[in-house]
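J.: As input, take input_34.cif (mmCIF, C-alpha atoms):
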```cif
data_run
#
loop_
_atom_site.label_atom_id
_atom_site.label_comp_id
_atom_site.auth_asym_id
_atom_site.auth_seq_id
_atom_site.Cartn_x
_atom_site.Cartn_y
_atom_site.Cartn_z
CA MET A 1 14.65 -8.63 1.66
CA ASP A 2 13.05 -5.17 1.40
CA VAL A 3 11.69 -3.25 4.34
CA GLU A 4 7.93 -2.75 4.27
CA ILE A 5 6.34 0.35 5.82
CA LYS A 6 2.86 -0.28 7.19
CA ILE A 7 0.26 1.62 9.16
CA VAL A 8 -0.73 -0.55 12.10
CA GLU A 9 -4.39 -1.50 11.92
CA GLN A 10 -4.55 -3.95 14.81
CA ALA A 11 -2.61 -4.57 18.02
CA SER A 12 -0.89 -7.90 18.54
CA VAL A 13 1.41 -9.50 21.07
CA GLU A 14 4.13 -9.78 18.41
CA LEU A 15 3.92 -6.08 17.64
CA ALA A 16 3.99 -5.22 21.35
CA HIS A 17 7.16 -7.32 21.77
CA GLY A 18 8.79 -5.68 18.76
CA LEU A 19 8.06 -2.18 20.06
CA THR A 20 9.23 -3.14 23.56
CA ARG A 21 12.54 -4.17 22.00
CA LEU A 22 12.86 -0.92 20.00
CA LEU A 23 11.76 1.82 22.39
CA PRO A 24 14.74 1.59 24.79
CA GLN A 25 16.92 2.58 21.82
CA LEU A 26 14.97 5.84 21.65
CA LEU A 27 14.21 6.43 25.31
CA GLY A 28 17.47 5.25 26.84
CA LYS A 29 15.55 3.14 29.35
CA GLU A 30 13.36 0.06 29.38
CA HIS A 31 9.72 0.50 28.45
CA VAL A 32 7.22 -2.32 28.10
CA VAL A 33 4.52 -1.97 25.47
CA ASN A 34 1.50 -4.22 25.91
CA VAL A 35 -1.51 -4.95 23.73
CA ASP A 36 -3.80 -2.82 25.91
CA THR A 37 -1.55 0.22 25.43
CA LEU A 38 -1.40 -0.42 21.70
CA ASN A 39 -5.20 -0.60 21.54
CA ILE A 40 -5.51 2.71 23.37
CA VAL A 41 -3.07 4.40 20.98
CA LEU A 42 -4.67 2.89 17.88
CA SER A 43 -8.20 3.85 18.98
CA GLN A 44 -7.38 7.56 19.14
CA PRO A 45 -8.81 9.54 16.25
CA GLY A 46 -6.07 11.12 14.20
CA VAL A 47 -3.31 8.76 15.34
CA LYS A 48 -1.44 6.61 12.86
CA LEU A 49 1.26 4.25 14.09
CA PHE A 50 3.77 3.28 11.43
CA VAL A 51 6.11 0.30 11.56
CA ALA A 52 8.99 -0.79 9.37
CA LEU A 53 9.01 -4.55 8.92
CA LEU A 54 11.85 -6.73 7.73
CA GLY A 55 9.95 -9.94 7.18
CA ASN A 56 8.00 -10.29 10.44
CA GLU A 57 10.52 -8.32 12.53
CA VAL A 58 9.71 -4.76 13.61
CA VAL A 59 12.84 -2.75 12.77
CA GLY A 60 11.42 0.76 13.05
CA THR A 61 8.46 2.78 14.17
CA ALA A 62 7.05 6.30 14.19
CA GLN A 63 3.76 7.87 15.22
CA LEU A 64 1.77 10.58 13.44
CA SER A 65 -0.83 12.41 15.52
CA VAL A 66 -3.22 14.98 14.10
CA ILE A 67 -3.92 17.82 16.48
CA ASP A 68 -6.96 19.98 15.81
CA ARG A 69 -6.30 23.61 16.70
CA LEU A 70 -8.62 26.59 16.46
CA TYR A 71 -6.72 28.09 13.54
CA ALA A 72 -5.45 25.02 11.64
CA PRO A 73 -4.83 21.34 12.28
CA ILE A 74 -1.26 20.06 12.33
CA ALA A 75 0.42 16.70 12.39
CA TRP A 76 2.92 15.88 15.10
CA VAL A 77 5.59 13.21 14.59
CA ASP A 78 6.84 11.33 17.64
CA GLY A 79 8.68 8.17 18.59
CA VAL A 80 10.82 7.79 15.47
CA VAL A 81 13.29 4.97 16.01
CA VAL A 82 15.05 2.43 13.82
CA ASP A 83 16.79 -0.63 15.27
CA GLU A 84 20.46 0.16 15.80
CA ASN A 85 21.41 -2.91 13.73
CA GLN A 86 19.41 -1.61 10.75
CA ARG A 87 20.45 2.05 10.73
CA GLY A 88 22.02 3.61 7.68
CA LYS A 89 19.83 1.62 5.27
CA GLY A 90 17.22 4.31 4.53
CA ILE A 91 14.55 2.88 6.84
CA ALA A 92 13.99 6.12 8.76
CA GLY A 93 13.60 7.97 5.47
CA LYS A 94 10.97 5.48 4.32
CA LEU A 95 9.12 5.80 7.64
CA MET A 96 9.18 9.59 7.45
CA GLN A 97 8.06 9.61 3.82
CA GLY A 98 5.11 7.39 4.82
CA LEU A 99 4.16 9.86 7.55
CA LEU A 100 4.48 12.86 5.22
CA ASP A 101 2.38 11.12 2.56
CA ALA A 102 -0.31 10.33 5.15
CA ALA A 103 -0.34 13.95 6.37
CA ARG A 104 -0.63 15.20 2.79
CA GLU A 105 -3.51 12.78 2.11
CA LEU A 106 -5.28 14.16 5.20
CA GLY A 107 -5.04 17.64 3.70
CA LEU A 108 -2.71 18.93 6.40
CA HIS A 109 -0.35 21.79 5.68
CA GLU A 110 2.11 21.43 8.55
CA VAL A 111 4.02 18.56 10.13
CA CYS A 112 6.03 19.23 13.29
CA LEU A 113 8.53 17.29 15.38
CA THR A 114 11.29 17.75 17.90
CA SER A 115 14.63 15.99 17.88
CA ASN A 116 17.49 15.90 20.32
CA PRO A 117 20.44 17.83 18.83
CA LYS A 118 22.68 14.86 19.73
CA ARG A 119 20.79 12.70 17.22
CA GLU A 120 22.85 14.04 14.34
CA ALA A 121 21.77 11.48 11.73
CA ALA A 122 18.08 12.05 12.54
CA ASN A 123 18.45 15.82 12.37
CA HIS A 124 20.27 15.53 9.04
CA LEU A 125 17.46 13.35 7.70
CA TYR A 126 14.77 15.83 8.78
CA THR A 127 16.47 18.75 7.03
CA LYS A 128 17.11 16.57 3.96
CA LEU A 129 13.36 15.84 3.84
CA GLY A 130 12.58 19.56 3.92
CA PHE A 131 11.90 20.18 7.60
CA GLU A 132 13.07 23.60 8.73
CA LEU A 133 14.58 24.24 12.14
CA TYR A 134 12.15 26.46 14.02
CA GLU A 135 13.67 28.59 16.75
CA THR A 136 11.50 28.27 19.83
CA ASN A 137 11.64 27.46 23.48
CA TYR A 138 10.35 24.02 24.31
CA TYR A 139 8.88 23.67 27.78
CA ARG A 140 7.80 20.57 29.64
CA TYR A 141 6.05 20.17 32.96
CA LYS A 142 6.54 16.77 34.56
CA PHE A 143 4.44 15.27 37.34
#
```
Reformat the file's structure so that it appears as structure tokens.
T.:
Amino acid sequence: MDVEIKIVEQASVELAHGLTRLLPQLLGKEHVVNVDTLNIVLSQPGVKLFVALLGNEVVGTAQLSVIDRLYAPIAWVDGVVVDENQRGKGIAGKLMQGLLDAARELGLHEVCLTSNPKREAANHLYTKLGFELYETNYYRYKF
């Protein structure tokens, strides 16, 4: 069975359960996704939530968010994760290609992301796809 990459059009309980199962593999901690949260994310202009489906099972996800800036809009990629039991099968590459195609169709000229250096396979994929490592300081302020 082939993996299908889809842009989520509508929230559902099944999708929320699938994402709740996947996100701990990215975050390293439990995180419950509910339909209300999905609706909030999906209602944001410029946000596209991608899922990789194997039949009806969510085996991967990634989010593309368009950020309008004064000098040029960009796309930001976040939340890329593939189920640990499905890794090494090209699913992340298909997800990323779907995001890049969507950004290109939107007329964007830049797609950005961050990735933990420990995620060696992900970092290899990003450079293989043509992403360039950009030397910068990344700061975060937590409340």
J.: List the residues matched by the PyMOL selection byres ((chain A and resi 72-84) around 9) in the displayed structure as a VMD selection string, ordered by chain and then by residue number.
T.: chain A and resid 21 to 23 25 to 27 46 52 58 to 71 85 to 88 91 to 92 95 to 96 99 103 108 to 114 122
J.: Suppose you want the space between atom CA of Leu38 of chain A and atom CA of Ala11 of chain A; what is it in Å?
T.: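 Separation of atom CA of Leu38 of chain A and atom CA of Ala11 of chain A: 5.7 Å.
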J.: Can you work out the spacing between atom CA of Asp2 of chain A and atom CA of Leu53 of chain A in Å, to one decimal?
T.: 8.6 Å
J.: Please enumerate the residues selected by the PyMOL selection byres ((chain A and resi 10) around 8) when evaluated against the supplied file, formatted as a compact mmCIF listing (two decimals) with C-alpha atoms, in the frame of the given file.
T.:
```
# COMPACT_ATOMS: atom_id res chain seq x y z
CA VAL A 8 -0.73 -0.55 12.10
CA GLU A 9 -4.39 -1.50 11.92
CA ALA A 11 -2.61 -4.57 18.02
CA SER A 12 -0.89 -7.90 18.54
CA ASN A 39 -5.20 -0.60 21.54
CA LEU A 42 -4.67 2.89 17.88
```
J.: Go through A:Asn34, A:Asn123, A:Gln97, A:Asn116 and flag the residue nearest Phe50 of chain A, using all atoms listed in the file for the distances.
T.: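 Comparing A:Asn34, A:Asn123, A:Gln97, A:Asn116 against Phe50 of chain A, the winner is A:Gln97.
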J.: Find the spatial neighbours of Leu125 of chain A, counting only C-alpha atoms, within a cut-off of 10 Å - ignore same-chain residues fewer than 3 positions away - and output them as a list in words.
T.: Gly90, Ala92, Gly93, Met96, Glu120, Ala121, Ala122, Lys128, Leu129, Gly130 and Phe131 of chain A
J.: What is the atom CA of Tyr126 of chain A to atom CA of Arg104 of chain A distance in Å?
T.: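 Taking atom CA of Tyr126 of chain A as the start and atom CA of Arg104 of chain A as the end point, the length is 16.5 Å.
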J.: From the options A:His17, A:Lys89, A:His124, A:Lys142, which residue's atoms come nearest to Val33 of chain A, counting only C-alpha atoms?
T.: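 The shortest atom-to-atom distance to Val33 of chain A comes from A:His17.
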